[in-house]
Every structure is written in C-alpha cells, then in structure tokens.
Amino acid sequence: TRSFPEVTKPNDRSVTSSETTEINRDEAAEPTKPKENSTTTNNKPKQFRDQYSTSHEFVFALCAGLALAFNSGFINGSCLSGLLDIGHTQSVAGFTGAYTKAGLSLADGDVLDFGFQLNMILSFMGGSCLSGLLNPNAIPYQIGPNFGPTFVLGSFLLAVDSIFSAMHGNEKLIFYFAAAANGLQNGISSMYSANLMRTCHFTGTSTDIGLFVGQWLRGNTKNLWKLQILVGLAFSFWFGAFTSYFATRKFQAWTLLFSAGFFFVIGLSLIFFLMKELGVSFWEATSGQWNWTETLRQFQLYNEDGSPVS
C-alpha cells in the first residue's frame, strides 16, 4: 500500500521559539488602536473623519465660520454705506479693488489716494499678521489655545473703530481699523480650515462654487460637501451686508459696536469651548497657558479605521 506524507494543517502547526519571538515583536510594534466611540469617528460627518477630532468641534467650527462671514459682510456693508463717515465709502473685505485703485492712482499722479489704498492693504495684512503672531504654530482643523484671545483683540479694534466713527475723526482710521479686524478674522479662519473657510473675500469662493457645480453636473460629487459649506459662507456674507443697510441707517456711526460685540462673543465662545473640551480653567483657556502636550491627547485626531493620525 502506497503511503502519503502527513500534511500539517495551518491551525495545527506548532510554532517554534524563534517564530514566537518574531510574533511577539510584531505585536509589540503594532500600536493599540483606540476603540471607536462617539467622540472619535462614529458621530463625525464622513468627509471630516480624518480631519476633525470630534463632531462637536466640526459643528462648532462650521457655525463660527458662518458667523464670521456674516460679521465680515456686515462690516464691509457698513463701510460702503457712506454713513460711518458721511460721504466716504471703502471696501474693507476684498482687496482686489484696492490693488487696482492703487495702480491707477499712482499712474494718474494721485499720490494721496495711492497712499490710502496702500495703507488699506497693509492694514488688512497687519490684522492677519497679528493672527500669525498670536498663533505661530496653528494646526489645521484644531482650535488653537490663542484663537479666543485673538477674537477678543478683534473686538477691541472694532470698538475703537466705532468710537472714531462716532467722533467724526479721521475717516481713514475708520477704514484702517475695520480692514485690520477683517484681516485678523480671515487669518484665523484660514489657519483653522486649511484655507477652506475664508470669511472675508469671496473671489476664490465664487470660483470654487462654480467649479464644484460644474463637476456635480457631470456626476462628480466628491466636492459636494465643500460646495455646501462655500454656499453657506457666501450667503452669510451677503446676508451680513443686507442687514448692515438697515443698521447703518438707524445707528449710523455706532453701527460697528454691534460687530465689536459679535467678535467678543465669538472669542468667549471659543474660550468656553476649550474649557469644556479640555477641562482647563478660564485663565488657562484665555491666555493659552496650559500644558498643550498633555491636553492635546483629548483632541487626538483619528482616521476612519480608528488609528491615530500621524
């Protein structure tokens, strides 16, 4: 009778000591994946699972972005109304026009207007520069420790702006402070959202809306979620300008106090959000003075499969 060699089944195969050592080494090298729960991936919108730490932060950040777009539209509408300083109008949100006017004024020999437009551009840049100075190591999709204080500073700029307007002082200072406040908020929103939620100027936003609509009409829905956010931001900015029409006619020079208060509320909401999510004190959340390395663990980002984002 012909005999056949015995075949060892995979589940029955004995493991040598060297193989056991290799397996243990592999197990030790593989990081333990956190269990998915409501604060990691399950409750997060699908498209943000690899970007936002919690669904709470996503909702909060989106609402804050819409509020900032409204406030920017309100400020810009107020400055274009001619009622903050009678007879003078100026855009303080988008600066494509300022660059164009600066070029035309210099070519025409109007040095004063050239200087004014140049200072407007520098004021907006100065506001965004303050955002960078206060948040030098900002991480996209993560609320930084100094975001709240930055908006409190923005409320101060707008309060000073409103006082200047009410006193009918130098009209140029009114526009400079408003531009700086817009630059500050646009810097924060750009840092946080990796340039997705720009809340002041809408040339790029309008371009993206057109692109995404075209892609959607051809069956590509990959960027549909971005389209929804951008349309929301554009509508909020428009509605802010719409509201400013009635506010400036009633409150005139004091209109920007509303925007200053709005900035202050946004700053406080950021502070209280950090207090709630990280368990830090009011002073720590206001000043950004806490052990960021330790508390960052509560803001750990996770991929869709539950593994930490590197």
# chains A, B, ... in the order shown; residues from 1 in each chain; ligands from 1
>>> residues_around(residues="A:Met191", least_positions_apart="3", cutoff="10 Å", atoms="only C-alpha atoms", output="list in words")
Ser131, Gly132, Asn135, Asn137, Ala138, Ile139, Pro140, Tyr141, Gln142, Ile143, Gly144, Gln185, Asn186, Gly187, Ile188, Ala194, Asn195, Leu196, Met197 and Arg198 of chain A
>>> write_last_selection(atoms="all heavy atoms", output="CSV table (one decimal), in the first residue's frame")
chain,number,residue,atom,x,y,z
A,131,SER,N,-2.8,87.7,13.7
A,131,SER,CA,-3.3,86.3,13.9
A,131,SER,C,-2.1,85.3,13.9
A,131,SER,O,-2.0,84.4,14.7
A,131,SER,CB,-4.2,85.9,12.8
A,131,SER,OG,-5.4,86.7,12.8
A,132,GLY,N,-1.1,85.5,13.0
A,132,GLY,CA,0.0,84.7,12.9
A,132,GLY,C,0.9,84.8,14.2
A,132,GLY,O,1.5,83.8,14.7
A,135,ASN,N,-0.7,83.1,17.0
A,135,ASN,CA,-0.9,81.6,16.8
A,135,ASN,C,0.2,81.1,15.8
A,135,ASN,O,-0.1,80.7,14.7
A,135,ASN,CB,-2.3,81.3,16.2
A,135,ASN,CG,-3.4,81.9,17.0
A,135,ASN,OD1,-3.9,81.2,18.0
A,135,ASN,ND2,-3.9,83.1,16.7
A,137,ASN,N,2.0,78.5,15.7
A,137,ASN,CA,2.1,77.0,15.4
A,137,ASN,C,0.7,76.4,15.2
A,137,ASN,O,0.4,75.3,15.7
A,137,ASN,CB,2.8,76.3,16.5
A,137,ASN,CG,4.2,76.8,16.7
A,137,ASN,OD1,5.0,76.9,15.8
A,137,ASN,ND2,4.6,77.2,17.9
A,138,ALA,N,-0.2,77.2,14.6
A,138,ALA,CA,-1.6,76.7,14.4
A,138,ALA,C,-1.6,75.4,13.6
A,138,ALA,O,-0.8,75.2,12.6
A,138,ALA,CB,-2.4,77.8,13.7
A,139,ILE,N,-2.5,74.5,14.0
A,139,ILE,CA,-2.6,73.2,13.3
A,139,ILE,C,-4.0,73.2,12.6
A,139,ILE,O,-5.0,73.5,13.2
A,139,ILE,CB,-2.5,72.0,14.3
A,139,ILE,CG1,-1.1,72.1,15.0
A,139,ILE,CG2,-2.7,70.7,13.6
A,139,ILE,CD1,-1.0,71.1,16.1
A,140,PRO,N,-4.0,72.9,11.3
A,140,PRO,CA,-5.3,72.8,10.6
A,140,PRO,C,-6.3,71.9,11.3
A,140,PRO,O,-6.0,70.8,11.8
A,140,PRO,CB,-5.0,72.3,9.2
A,140,PRO,CG,-3.6,72.7,9.0
A,140,PRO,CD,-2.9,72.6,10.4
A,141,TYR,N,-7.6,72.3,11.4
A,141,TYR,CA,-8.7,71.5,11.9
A,141,TYR,C,-8.5,71.3,13.4
A,141,TYR,O,-8.9,70.3,14.0
A,141,TYR,CB,-8.9,70.2,11.2
A,141,TYR,CG,-9.0,70.4,9.7
A,141,TYR,CD1,-8.0,70.0,8.9
A,141,TYR,CD2,-10.1,71.0,9.1
A,141,TYR,CE1,-8.0,70.2,7.5
A,141,TYR,CE2,-10.2,71.2,7.8
A,141,TYR,CZ,-9.2,70.8,7.0
A,141,TYR,OH,-9.3,70.9,5.6
A,142,GLN,N,-7.9,72.2,14.1
A,142,GLN,CA,-7.7,72.1,15.5
A,142,GLN,C,-7.8,73.5,16.1
A,142,GLN,O,-7.0,74.4,15.8
A,142,GLN,CB,-6.4,71.5,15.9
A,142,GLN,CG,-6.2,71.2,17.3
A,142,GLN,CD,-4.9,70.4,17.6
A,142,GLN,OE1,-4.9,69.2,17.2
A,142,GLN,NE2,-3.9,71.0,18.1
A,143,ILE,N,-8.7,73.8,17.1
A,143,ILE,CA,-8.8,75.1,17.7
A,143,ILE,C,-7.6,75.3,18.6
A,143,ILE,O,-7.3,74.6,19.5
A,143,ILE,CB,-10.1,75.2,18.5
A,143,ILE,CG1,-11.3,75.1,17.6
A,143,ILE,CG2,-10.2,76.5,19.3
A,143,ILE,CD1,-12.6,75.0,18.3
A,144,GLY,N,-6.9,76.4,18.3
A,144,GLY,CA,-5.6,76.7,19.0
A,144,GLY,C,-5.9,77.4,20.3
A,144,GLY,O,-7.0,77.9,20.5
A,185,GLN,N,-9.6,88.2,11.4
A,185,GLN,CA,-10.6,87.0,11.4
A,185,GLN,C,-10.3,86.1,10.2
A,185,GLN,O,-10.5,84.9,10.3
A,185,GLN,CB,-12.0,87.5,11.5
A,185,GLN,CG,-12.6,88.0,10.1
A,185,GLN,CD,-14.1,88.0,10.1
A,185,GLN,OE1,-14.7,88.5,11.0
A,185,GLN,NE2,-14.7,87.4,9.1
A,186,ASN,N,-10.0,86.7,9.1
A,186,ASN,CA,-9.7,85.9,7.9
A,186,ASN,C,-8.5,85.0,8.1
A,186,ASN,O,-8.4,83.9,7.6
A,186,ASN,CB,-9.5,86.8,6.7
A,186,ASN,CG,-9.8,86.0,5.4
A,186,ASN,OD1,-10.8,85.4,5.2
A,186,ASN,ND2,-8.8,86.1,4.5
A,187,GLY,N,-7.5,85.6,8.8
A,187,GLY,CA,-6.3,84.8,9.2
A,187,GLY,C,-6.6,83.6,10.0
A,187,GLY,O,-6.1,82.5,9.8
A,188,ILE,N,-7.4,83.8,11.0
A,188,ILE,CA,-7.8,82.7,11.9
A,188,ILE,C,-8.6,81.6,11.2
A,188,ILE,O,-8.3,80.4,11.3
A,188,ILE,CB,-8.7,83.2,13.1
A,188,ILE,CG1,-7.8,84.0,14.1
A,188,ILE,CG2,-9.3,82.0,13.8
A,188,ILE,CD1,-6.8,83.2,14.8
A,194,ALA,N,-7.5,75.2,6.8
A,194,ALA,CA,-6.6,75.0,5.7
A,194,ALA,C,-7.1,75.7,4.4
A,194,ALA,O,-7.1,75.1,3.4
A,194,ALA,CB,-6.4,73.5,5.4
A,195,ASN,N,-7.5,77.0,4.6
A,195,ASN,CA,-7.9,77.9,3.6
A,195,ASN,C,-9.3,77.5,2.9
A,195,ASN,O,-9.7,78.1,1.9
A,195,ASN,CB,-6.9,77.9,2.4
A,195,ASN,CG,-5.6,78.5,2.9
A,195,ASN,OD1,-5.6,79.4,3.8
A,195,ASN,ND2,-4.5,78.0,2.4
A,196,LEU,N,-10.0,76.6,3.5
A,196,LEU,CA,-11.4,76.3,3.0
A,196,LEU,C,-12.4,77.4,3.3
A,196,LEU,O,-13.1,77.8,2.5
A,196,LEU,CB,-11.9,74.9,3.6
A,196,LEU,CG,-13.3,74.6,3.2
A,196,LEU,CD1,-13.5,74.4,1.7
A,196,LEU,CD2,-13.8,73.3,3.9
A,197,MET,N,-12.4,77.8,4.6
A,197,MET,CA,-13.3,78.8,5.1
A,197,MET,C,-12.7,80.2,5.2
A,197,MET,O,-12.3,80.6,6.2
A,197,MET,CB,-13.9,78.4,6.4
A,197,MET,CG,-14.8,77.1,6.3
A,197,MET,SD,-15.8,76.8,7.8
A,197,MET,CE,-14.5,76.5,9.1
A,198,ARG,N,-12.5,80.8,4.0
A,198,ARG,CA,-12.1,82.2,4.0
A,198,ARG,C,-13.4,83.1,4.2
A,198,ARG,O,-14.3,82.9,3.4
A,198,ARG,CB,-11.4,82.6,2.8
A,198,ARG,CG,-10.0,81.9,2.6
A,198,ARG,CD,-9.3,82.4,1.4
A,198,ARG,NE,-8.0,81.7,1.3
A,198,ARG,CZ,-6.9,82.2,1.8
A,198,ARG,NH1,-6.9,83.3,2.5
A,198,ARG,NH2,-5.7,81.5,1.6
>>> closest_residue(among="A:Asn220, A:Leu233, A:Gly103, A:Thr203", to="A:Cys63", atoms="only C-alpha atoms")
A:Leu233
>>> atom_distance(atom1="atom CA of A:Ala159", atom2="atom CA of A:Gly261")
8.1 Å
>>> select_by_dssp(residues="stretch 159-241 of chain A", states="alpha helix (DSSP H)", output="VMD selection string")
chain A and resid 159 to 166 171 to 193 203 to 217 224 to 241
>>> closest_residue(among="A:Met167, A:Asn146, A:Thr199, A:Asp113", to="A:Trp238", atoms="only C-alpha atoms")
A:Thr199
>>> closest_residue(among="A:Phe60, A:Phe95, A:Phe116, A:Phe212", to="A:Ile266", atoms="only C-alpha atoms")
A:Phe60
>>> closest_residue(among="A:Phe124, A:Ser193, A:Cys200, A:Gly97", to="A:Lys226", atoms="only C-alpha atoms")
A:Ser193
>>> closest_residue(among="A:Val59, A:Leu274, A:Val280, A:Ala178", to="A:Ser72", atoms="only C-alpha atoms")
A:Ala178
>>> residues_around(residues="A:Ser78", least_positions_apart="3", cutoff="12 Å", atoms="only C-alpha atoms", output="PyMOL selection string")
chain A and resi 71-75+81-86+88-93+161-162+165+174-175+178+240-259
>>> residues_around(residues="stretch 283-286 of chain A", least_positions_apart="3", cutoff="12 Å", atoms="only C-alpha atoms", output="VMD selection string")
chain A and resid 143 to 153 267 to 280 289 to 292 295
>>> closest_residue(among="A:Phe237, A:Ala181, A:Gln215, A:Ser189", to="A:Gly65", atoms="only C-alpha atoms")
A:Ser189
>>> atom_distance(atom1="atom CA of A:Leu106", atom2="atom CA of A:Leu118")
10.5 Å
>>> atom_distance(atom1="atom CA of A:Leu227", atom2="atom CA of A:Ile209")
5.8 Å
